[in-house]
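Student: Next comes the structure file structure-v4.tsv, holding TSV, C-alpha atoms.
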chain	number	residue	atom	x	y	z
A	1	MET	CA	-1.64	-21.43	-11.30
A	2	ARG	CA	-1.28	-17.82	-12.42
A	3	THR	CA	-1.48	-16.63	-15.99
A	4	PRO	CA	-2.12	-13.11	-17.35
A	5	TRP	CA	-5.57	-14.10	-18.62
A	6	LEU	CA	-6.56	-15.74	-15.35
A	7	THR	CA	-5.41	-12.58	-13.54
A	8	LEU	CA	-7.67	-10.49	-15.78
A	9	VAL	CA	-10.63	-12.83	-15.23
A	10	ARG	CA	-10.10	-12.56	-11.46
A	11	LEU	CA	-9.95	-8.77	-11.69
A	12	PHE	CA	-13.15	-8.76	-13.72
A	13	SER	CA	-14.98	-10.86	-11.08
A	14	ILE	CA	-13.62	-8.87	-8.12
A	15	TYR	CA	-14.62	-5.55	-9.69
A	16	GLY	CA	-17.97	-7.03	-10.70
A	17	LEU	CA	-18.75	-7.50	-7.01
A	18	ALA	CA	-17.43	-4.00	-6.29
A	19	GLY	CA	-19.78	-2.58	-8.93
A	20	TRP	CA	-22.67	-4.52	-7.41
A	21	LEU	CA	-21.83	-3.11	-3.94
A	22	LEU	CA	-21.57	0.47	-5.20
A	23	SER	CA	-24.91	0.19	-6.96
A	24	PHE	CA	-26.44	-1.43	-3.86
A	25	TYR	CA	-25.38	1.64	-1.86
A	26	HIS	CA	-26.74	4.01	-4.52
A	27	ALA	CA	-23.27	5.54	-4.89
A	28	THR	CA	-23.46	9.15	-6.03
A	29	PRO	CA	-21.86	10.24	-9.34
A	30	ALA	CA	-19.15	11.99	-7.28
A	31	ILE	CA	-18.22	8.66	-5.64
A	32	TRP	CA	-18.20	6.87	-9.02
A	33	LEU	CA	-15.94	9.60	-10.37
A	34	GLY	CA	-13.60	9.29	-7.37
A	35	ILE	CA	-13.40	5.53	-7.95
A	36	GLU	CA	-12.64	6.03	-11.65
A	37	PHE	CA	-9.76	8.34	-10.70
A	38	LEU	CA	-8.41	5.73	-8.28
A	39	ILE	CA	-8.66	3.03	-10.97
A	40	LEU	CA	-6.86	5.23	-13.51
A	41	TYR	CA	-4.12	5.95	-10.97
A	42	LEU	CA	-3.71	2.31	-9.91
A	43	ALA	CA	-3.80	1.00	-13.50
A	44	TRP	CA	-1.03	3.38	-14.54
A	45	VAL	CA	1.20	3.28	-11.47
A	46	GLY	CA	0.69	-0.20	-9.94
A	47	THR	CA	1.96	-0.97	-6.44
A	48	GLY	CA	3.38	2.54	-5.93
A	49	ALA	CA	-0.22	3.79	-5.86
A	50	ILE	CA	-1.35	1.60	-2.95
A	51	ALA	CA	-0.61	4.11	-0.14
A	52	LEU	CA	-2.54	7.01	-1.69
A	53	ALA	CA	-5.29	4.71	-2.97
A	54	ILE	CA	-5.87	3.52	0.62
A	55	VAL	CA	-6.27	7.15	1.69
A	56	GLY	CA	-8.67	7.60	-1.26
A	57	SER	CA	-10.69	4.56	-0.16
A	58	MET	CA	-10.97	6.12	3.28
A	59	GLY	CA	-12.46	9.23	1.68
A	60	ILE	CA	-14.98	7.13	-0.26
A	61	ILE	CA	-16.05	5.16	2.83
A	62	GLY	CA	-16.19	8.46	4.76
A	63	ALA	CA	-18.54	9.81	2.10
A	64	GLY	CA	-20.55	6.60	2.46
A	65	VAL	CA	-20.84	7.14	6.23
A	66	LEU	CA	-22.16	10.68	5.65
A	67	THR	CA	-24.56	9.86	2.86
A	68	SER	CA	-25.68	6.22	2.98
A	69	GLU	CA	-28.88	5.06	4.61
A	70	VAL	CA	-29.59	1.48	5.68
A	71	PRO	CA	-30.25	-0.21	2.32
A	72	ASP	CA	-33.97	-0.80	1.69
A	73	HIS	CA	-33.09	-4.20	0.24
A	74	LEU	CA	-32.49	-5.53	3.75
A	75	ALA	CA	-35.87	-4.41	5.05
A	76	GLY	CA	-37.40	-7.88	4.70
A	77	VAL	CA	-34.38	-9.77	6.07
A	78	SER	CA	-34.59	-10.64	9.76
A	79	LEU	CA	-31.21	-10.29	11.47
A	80	PRO	CA	-30.43	-10.33	15.22
A	81	LEU	CA	-29.00	-6.81	14.79
A	82	ASN	CA	-30.56	-3.38	14.74
A	83	GLN	CA	-30.51	-1.21	11.60
A	84	ALA	CA	-27.52	0.88	12.67
A	85	GLN	CA	-25.45	-2.25	13.35
A	86	VAL	CA	-26.27	-3.67	9.91
A	87	TRP	CA	-25.39	-0.30	8.33
A	88	ALA	CA	-22.03	-0.15	10.16
A	89	LEU	CA	-21.13	-3.79	9.49
A	90	MET	CA	-21.86	-3.39	5.79
A	91	LEU	CA	-19.69	-0.29	5.60
A	92	ILE	CA	-16.84	-2.08	7.43
A	93	LEU	CA	-17.10	-5.03	5.04
A	94	SER	CA	-17.19	-2.63	2.07
A	95	TRP	CA	-14.05	-0.94	3.37
A	96	VAL	CA	-12.26	-4.28	3.70
A	97	TRP	CA	-13.44	-5.13	0.18
A	98	ALA	CA	-12.17	-1.75	-1.08
A	99	LEU	CA	-8.71	-2.45	0.39
A	100	PHE	CA	-8.75	-5.91	-1.17
A	101	VAL	CA	-9.65	-4.62	-4.65
A	102	ILE	CA	-6.96	-1.91	-4.43
A	103	TRP	CA	-4.39	-4.54	-3.50
A	104	LYS	CA	-5.48	-6.94	-6.25
A	105	LEU	CA	-5.47	-4.27	-8.95
A	106	ALA	CA	-2.04	-2.91	-7.97
A	107	PHE	CA	-0.44	-6.37	-7.90
A	108	ALA	CA	-2.18	-7.45	-11.10
A	109	VAL	CA	-0.63	-4.43	-12.86
A	110	ARG	CA	2.78	-5.32	-11.47
A	111	TYR	CA	2.42	-8.97	-12.47
A	112	LEU	CA	1.34	-8.13	-16.04
A	113	ARG	CA	4.32	-5.78	-16.44
A	114	LEU	CA	6.63	-8.50	-15.11
A	115	MET	CA	5.20	-10.78	-17.80
A	116	GLY	CA	6.62	-8.38	-20.38
A	117	TRP	CA	3.48	-6.42	-21.24
A	118	GLN	CA	3.99	-2.76	-22.14
A	119	ARG	CA	2.94	-0.16	-19.60
A	120	SER	CA	0.34	1.44	-21.89
A	121	GLN	CA	-0.97	-2.01	-22.90
A	122	VAL	CA	-1.42	-3.00	-19.23
A	123	PHE	CA	-3.07	0.35	-18.49
A	124	PHE	CA	-5.67	0.14	-21.26
A	125	ILE	CA	-6.50	-3.55	-20.81
A	126	VAL	CA	-6.75	-3.35	-17.01
A	127	PHE	CA	-8.81	-0.16	-17.18
A	128	LEU	CA	-11.18	-1.77	-19.67
A	129	ILE	CA	-11.55	-5.05	-17.76
A	130	VAL	CA	-12.11	-3.32	-14.41
A	131	ASN	CA	-14.73	-0.98	-15.87
A	132	LEU	CA	-16.50	-3.85	-17.62
A	133	GLY	CA	-16.61	-5.64	-14.25
A	134	LEU	CA	-17.98	-2.57	-12.48
A	135	LYS	CA	-20.66	-2.04	-15.13
A	136	LEU	CA	-21.67	-5.71	-15.11
A	137	GLY	CA	-21.98	-5.65	-11.30
A	138	GLN	CA	-24.05	-2.48	-11.50
A	139	ALA	CA	-26.28	-3.92	-14.22
A	140	LEU	CA	-26.84	-7.12	-12.19
A	141	GLU	CA	-27.80	-5.15	-9.08
A	142	LEU	CA	-30.18	-2.96	-11.06
A	143	ARG	CA	-31.53	-6.14	-12.72
A	144	LEU	CA	-30.81	-4.76	-16.17
A	145	LEU	CA	-29.51	-8.13	-17.34
B	1	MET	CA	39.11	-12.41	-13.16
B	2	LYS	CA	36.64	-12.68	-10.32
B	3	LEU	CA	35.34	-15.97	-9.04
B	4	THR	CA	31.65	-16.62	-9.46
B	5	SER	CA	29.43	-17.56	-6.54
B	6	GLU	CA	29.30	-21.15	-7.83
B	7	GLU	CA	33.10	-21.39	-7.79
B	8	THR	CA	33.51	-19.88	-4.35
B	9	GLY	CA	30.53	-21.63	-2.83
B	10	VAL	CA	29.51	-18.28	-1.29
B	11	VAL	CA	26.02	-17.24	-2.27
B	12	PRO	CA	25.68	-13.45	-2.55
B	13	THR	CA	22.86	-12.35	-0.31
B	14	GLY	CA	21.31	-9.04	0.75
B	15	TYR	CA	23.66	-6.17	1.57
B	16	ALA	CA	22.97	-6.40	5.29
B	17	SER	CA	23.73	-10.11	5.53
B	18	ARG	CA	26.98	-10.19	3.51
B	19	SER	CA	29.79	-11.88	5.41
B	20	PRO	CA	33.60	-11.32	5.34
B	21	ALA	CA	33.85	-14.54	3.30
B	22	TYR	CA	31.60	-13.01	0.65
B	23	TYR	CA	33.80	-9.90	0.30
B	24	LEU	CA	36.97	-12.00	0.21
B	25	SER	CA	35.47	-14.14	-2.54
B	26	THR	CA	35.22	-11.03	-4.74
B	27	MET	CA	39.03	-10.52	-4.63
B	28	GLN	CA	41.23	-11.38	-7.61
B	29	PRO	CA	41.86	-15.15	-7.18
B	30	GLU	CA	45.65	-14.80	-7.67
B	31	ILE	CA	45.84	-12.23	-4.90
B	32	LEU	CA	43.54	-14.24	-2.66
B	33	GLN	CA	45.66	-17.37	-3.13
B	34	SER	CA	48.89	-15.46	-2.50
B	35	LEU	CA	47.74	-14.44	1.00
B	36	TYR	CA	49.17	-16.22	4.06
B	37	PRO	CA	46.60	-17.71	6.43
B	38	GLU	CA	47.50	-15.04	9.04
B	39	GLN	CA	46.92	-12.26	6.48
B	40	LEU	CA	43.62	-13.80	5.46
B	41	ALA	CA	42.55	-14.08	9.08
B	42	GLU	CA	43.46	-10.42	9.64
B	43	PHE	CA	41.48	-9.34	6.55
B	44	GLU	CA	38.51	-11.34	7.82
B	45	ARG	CA	38.76	-9.69	11.24
B	46	ILE	CA	38.88	-6.17	9.74
B	47	LEU	CA	36.02	-6.89	7.36
B	48	ALA	CA	33.91	-8.30	10.21
B	49	GLU	CA	34.55	-5.09	12.13
B	50	ALA	CA	33.74	-2.88	9.12
B	51	ILE	CA	30.51	-4.59	8.14
B	52	PRO	CA	27.65	-2.58	9.68
B	53	LYS	CA	25.65	-4.35	12.35
B	54	PRO	CA	22.31	-2.59	12.39
B	55	ALA	CA	20.28	-2.78	15.58
B	56	PRO	CA	17.25	-5.05	15.37
B	57	LYS	CA	14.19	-3.02	14.45
B	58	LEU	CA	10.82	-3.24	16.11
B	59	VAL	CA	9.22	-1.62	13.04
B	60	ASP	CA	10.74	-1.81	9.56
B	61	LEU	CA	8.26	-0.29	7.12
B	62	ARG	CA	9.30	0.65	3.58
B	63	PHE	CA	7.02	1.63	0.74
B	64	VAL	CA	6.91	3.74	-2.40
B	65	ILE	CA	4.53	6.60	-3.14
B	66	ASP	CA	4.29	7.22	-6.86
B	67	LEU	CA	2.80	10.60	-7.76
B	68	ILE	CA	3.16	9.89	-11.51
B	69	VAL	CA	5.36	12.99	-11.97
B	70	SER	CA	7.77	11.75	-9.31
B	71	ARG	CA	8.37	8.72	-7.08
B	72	PHE	CA	9.19	8.90	-3.38
B	73	TYR	CA	10.19	6.17	-0.98
B	74	VAL	CA	9.10	6.22	2.64
B	75	VAL	CA	11.04	4.36	5.31
B	76	LEU	CA	10.01	4.08	8.92
B	77	PHE	CA	12.33	2.38	11.41
B	78	ILE	CA	11.66	2.08	15.10
B	79	GLY	CA	14.25	0.45	17.34
B	80	LYS	CA	16.44	0.96	20.38
B	81	ASP	CA	18.94	3.82	19.97
B	82	ARG	CA	22.43	2.48	20.67
B	83	ARG	CA	24.33	5.44	19.18
B	84	ALA	CA	26.85	6.83	21.69
B	85	LYS	CA	28.12	9.80	19.64
B	86	GLN	CA	26.24	12.71	18.07
B	87	ARG	CA	25.46	12.47	14.35
B	88	ARG	CA	27.87	14.51	12.23
B	89	TYR	CA	25.21	15.65	9.75
B	90	ILE	CA	25.03	19.45	10.06
B	91	PRO	CA	23.00	20.94	7.16
B	92	ASP	CA	23.10	24.64	6.27
B	93	ARG	CA	20.36	27.05	7.41
B	94	LEU	CA	18.32	26.98	4.18
B	95	THR	CA	18.34	23.18	4.09
B	96	ARG	CA	17.26	23.08	7.74
B	97	ILE	CA	14.29	25.40	7.02
B	98	GLY	CA	13.34	23.40	3.91
B	99	ASN	CA	13.61	20.13	5.84
B	100	ALA	CA	11.47	21.51	8.67
B	101	ILE	CA	8.71	22.63	6.27
B	102	VAL	CA	8.66	19.30	4.43
B	103	VAL	CA	8.71	17.29	7.67
B	104	LEU	CA	5.87	19.44	9.04
B	105	LEU	CA	3.78	18.90	5.90
B	106	ILE	CA	4.44	15.14	5.88
B	107	LEU	CA	3.66	14.81	9.59
B	108	LEU	CA	0.45	16.86	9.24
B	109	SER	CA	-0.71	14.79	6.26
B	110	ALA	CA	0.14	11.52	7.97
B	111	ASN	CA	-1.52	12.73	11.16
B	112	LEU	CA	-4.67	13.72	9.25
B	113	ALA	CA	-4.80	10.38	7.40
B	114	ILE	CA	-4.19	8.31	10.55
B	115	SER	CA	-6.66	10.37	12.62
B	116	GLY	CA	-9.27	10.02	9.86
B	117	PHE	CA	-8.67	6.28	9.74
B	118	ILE	CA	-8.97	5.88	13.53
B	119	LEU	CA	-12.09	8.08	13.76
B	120	LEU	CA	-13.82	6.33	10.86
B	121	ALA	CA	-12.90	2.81	12.01
B	122	GLY	CA	-13.77	3.66	15.63
B	123	TYR	CA	-17.13	5.14	14.67
B	124	LEU	CA	-18.07	2.16	12.47
B	125	LEU	CA	-16.94	-0.39	15.09
B	126	LYS	CA	-18.87	1.45	17.80
B	127	SER	CA	-22.01	1.39	15.64
B	128	ALA	CA	-21.47	-2.28	14.72
B	129	ILE	CA	-21.21	-3.24	18.40
B	130	GLY	CA	-24.48	-1.41	19.00
B	131	ILE	CA	-23.30	1.54	21.13
B	132	ASP	CA	-25.54	4.53	20.44
B	133	LEU	CA	-24.12	7.83	21.68
B	134	PHE	CA	-26.45	10.21	19.83
B	135	PRO	CA	-30.13	9.85	19.03
B	136	GLY	CA	-30.84	9.18	15.35
B	137	HIS	CA	-28.84	7.93	12.38
B	138	PHE	CA	-25.59	9.87	11.81
B	139	PRO	CA	-26.18	10.75	8.10
B	140	ALA	CA	-29.66	12.05	9.06
B	141	VAL	CA	-28.11	14.18	11.84
B	142	VAL	CA	-25.58	15.59	9.36
B	143	LYS	CA	-28.33	16.37	6.83
B	144	ARG	CA	-30.42	18.07	9.54
B	145	PHE	CA	-27.39	20.08	10.67
B	146	PHE	CA	-26.87	21.40	7.15
B	147	GLY	CA	-30.60	22.12	6.82
B	148	GLY	CA	-31.32	19.22	4.48
Produce structure tokens that represent the structure in this file.

Tutor:
Amino acid sequence: MRTPWLTLVRLFSIYGLAGWLLSFYHATPAIWLGIEFLILYLAWVGTGAIALAIVGSMGIIGAGVLTSEVPDHLAGVSLPLNQAQVWALMLILSWVWALFVIWKLAFAVRYLRLMGWQRSQVFFIVFLIVNLGLKLGQALELRLL
Amino acid sequence: MKLTSEETGVVPTGYASRSPAYYLSTMQPEILQSLYPEQLAEFERILAEAIPKPAPKLVDLRFVIDLIVSRFYVVLFIGKDRRAKQRRYIPDRLTRIGNAIVVLLILLSANLAISGFILLAGYLLKSAIGIDLFPGHFPAVVKRFFGG
């Protein structure tokens, strides 16, 4: 079943995990800013923003490749992989997650507009919900809650 | 008065899959009924000939790029070329130059994006498999290179 409110709850949860991931990687303010621009663009445009948002996600993951170290949080976890493999696998999974969240946000915007919501209404609500999700994910990772 | 799809029993479908019967159903009913079977058959034959029969496409990719100030659509078809004659589209010199510049910019951007994607995905997959081409962690090598 799909309703506008359920769509917003899903968006909130999906972006909560994204916020947790970004905080886990110690994303720099520049990366956070880049993500905010992508969210603004997707929330306003919808599905027409997917192509450029995918290119944007590539830039963000590229920045992650250049700047991210193997997260310290995994130091105590014993995996049958070396550190570089864990680092690469986590970045691949983050990239897949980034594509998924882009897709979900773009189609949520389209769905809400199809439900008769005004463009500006969709923009403000989606922007708010997504940012609340990101902040909650960040706060959970930093154990602020 | 035109007949509706319910009255004719012909469901209007996508442009590419419209049949002669569909076009005939859009005729004025009085005119349609006044046609002899031979005339109707001839109309059907001509319509069948006129309806475009696009070649099957191996790749049929269509998407929209919305730049907020303007929207563009991108279409990529790949299929067997069955055209026997030359295309009759001959643009003027200025249009040709403009087209060439735009095509060059689009191809360069697409090339850059696709190359970036392949390099990034290839590098991450290589690292995930455990192939180590250079000593040390890549971000550390980059930082050292820039004197960090």

Student: How many Å lie between CA of Asn131 (chain A) and CA of Met115 (chain A), rounded to one decimal?

Tutor: 22.3 Å

Student: Distance CA of Glu42 (chain B)-CA of Pro54 (chain B), one decimal place?

Tutor: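 One can read the CA of Glu42 (chain B) to CA of Pro54 (chain B) distance as 22.7 Å.
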
Student: For the interface of region 63-134 of chain A with region 118-125 of chain B (cut-off 8 Å, counting all atoms listed in the file), please tabulate each contacting residue of region 63-134 of chain A alongside its nearest pair of atoms and their separation in Å to one decimal, rows sorted by chain and increasing number, as a Markdown table.

Tutor:
| residue | atom | partner | partner_atom | distance |
| --- | --- | --- | --- | --- |
| A:Ala88 | CA | B:Leu124 | CA | 5.1 |
| A:Leu89 | CA | B:Leu124 | CA | 7.3 |
| A:Leu91 | CA | B:Leu124 | CA | 7.5 |
| A:Ile92 | CA | B:Leu124 | CA | 6.7 |

Student: For C-alpha atoms, I'd like the residues from the last selection saved as a PDB file, in the frame of the given file.

Tutor:
ATOM      1  CA  ALA A  88     -22.030  -0.150  10.160  1.00  0.00           C
ATOM      2  CA  LEU A  89     -21.130  -3.790   9.490  1.00  0.00           C
ATOM      3  CA  LEU A  91     -19.690  -0.290   5.600  1.00  0.00           C
ATOM      4  CA  ILE A  92     -16.840  -2.080   7.430  1.00  0.00           C
TER       5      ILE A  92
END

Student: Could you name the residues that touch Leu76 (chain B) at 10 Å or less, counting all atoms listed in the file, but leaving out those on the same chain fewer than 5 positions away, as a PyMOL selection string?

Tutor: chain B and resi 57+59-63

Student: Would you mind listing what lies within 12 Å of Trp32 (chain A) as a VMD selection string, with all atoms listed in the file counted and same-chain residues fewer than 3 positions away left out?

Tutor: chain A and resid 18 to 19 21 to 23 25 to 29 35 to 39 57 60 63 to 64 131 134 to 135 138

Student: Keeping only C-alpha atoms, take the residues you just selected and write them out as an mmCIF file, in the frame of the given file.

Tutor:
data_model
loop_
_atom_site.group_PDB
_atom_site.id
_atom_site.type_symbol
_atom_site.label_atom_id
_atom_site.label_comp_id
_atom_site.auth_asym_id
_atom_site.auth_seq_id
_atom_site.Cartn_x
_atom_site.Cartn_y
_atom_site.Cartn_z
ATOM 1 C CA ALA A 18 -17.430 -4.000 -6.290
ATOM 2 C CA GLY A 19 -19.780 -2.580 -8.930
ATOM 3 C CA LEU A 21 -21.830 -3.110 -3.940
ATOM 4 C CA LEU A 22 -21.570 0.470 -5.200
ATOM 5 C CA SER A 23 -24.910 0.190 -6.960
ATOM 6 C CA TYR A 25 -25.380 1.640 -1.860
ATOM 7 C CA HIS A 26 -26.740 4.010 -4.520
ATOM 8 C CA ALA A 27 -23.270 5.540 -4.890
ATOM 9 C CA THR A 28 -23.460 9.150 -6.030
ATOM 10 C CA PRO A 29 -21.860 10.240 -9.340
ATOM 11 C CA ILE A 35 -13.400 5.530 -7.950
ATOM 12 C CA GLU A 36 -12.640 6.030 -11.650
ATOM 13 C CA PHE A 37 -9.760 8.340 -10.700
ATOM 14 C CA LEU A 38 -8.410 5.730 -8.280
ATOM 15 C CA ILE A 39 -8.660 3.030 -10.970
ATOM 16 C CA SER A 57 -10.690 4.560 -0.160
ATOM 17 C CA ILE A 60 -14.980 7.130 -0.260
ATOM 18 C CA ALA A 63 -18.540 9.810 2.100
ATOM 19 C CA GLY A 64 -20.550 6.600 2.460
ATOM 20 C CA ASN A 131 -14.730 -0.980 -15.870
ATOM 21 C CA LEU A 134 -17.980 -2.570 -12.480
ATOM 22 C CA LYS A 135 -20.660 -2.040 -15.130
ATOM 23 C CA GLN A 138 -24.050 -2.480 -11.500
#

Student: Tell me as a list in words which residues belonging to chain A come within 6 Å of chain B, counting all atoms listed in the file.

Tutor: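 Taking all atoms listed in the file into account, Gly48, Ala49, Leu66, Thr67, Gln85, Ala88 and Leu89 of chain A sit within 6 Å of chain B.
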
Student: Write a file of the just-selected residues containing C-alpha atoms, as a tab-separated table (two decimals), in the frame of the given file.

Tutor:
chain	number	residue	atom	x	y	z
A	48	GLY	CA	3.38	2.54	-5.93
A	49	ALA	CA	-0.22	3.79	-5.86
A	66	LEU	CA	-22.16	10.68	5.65
A	67	THR	CA	-24.56	9.86	2.86
A	85	GLN	CA	-25.45	-2.25	13.35
A	88	ALA	CA	-22.03	-0.15	10.16
A	89	LEU	CA	-21.13	-3.79	9.49

Student: Could you tell me how far CA of Gln118 (chain A) sits from CA of Ala43 (chain A), in Å to one decimal place?

Tutor: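 Separation between CA of Ala43 (chain A) and CA of Gln118 (chain A): 12.2 Å.
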
Student: If the box runs along x, y and z of the file and leaves 3 Å on each side of region 39-48 of chain A, what are its centre and edge lengths in Å, one decimal, as JSON?

Tutor:
{"center_x": -2.6, "center_y": 2.5, "center_z": -10.2, "size_x": 18.0, "size_y": 12.9, "size_z": 14.6}

Student: Skipping near chain neighbours, those fewer than 5 positions away, what residues fall within 12 Å of Ile102 (chain A) using all atoms listed in the file, listed as a ChimeraX atom specification?

Tutor: /A:11,14-15,18,35,38-43,45-58,95-97,107-109,130

Student: Using only C-alpha atoms, which of A:Ile61, A:Ala30, A:Val126, A:Val101 sits nearest Trp44 (chain A)?

Tutor: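 Closest candidate: A:Val126.
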
Student: Closest to Val74 (chain B) among B:Gly98, B:Asp92, B:Ile106, B:Gln33, using all atoms listed in the file?

Tutor: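 Nearest candidate to Val74 (chain B) out of B:Gly98, B:Asp92, B:Ile106, B:Gln33: B:Ile106.
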
Student: Hey, which of A:Leu33, A:Leu81, A:Leu17, A:Val9 ends up closest to Leu140 (chain A)? Count all atoms listed in the file.

Tutor: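 Of the candidates, the smallest distance to Leu140 (chain A) is held by A:Leu17.
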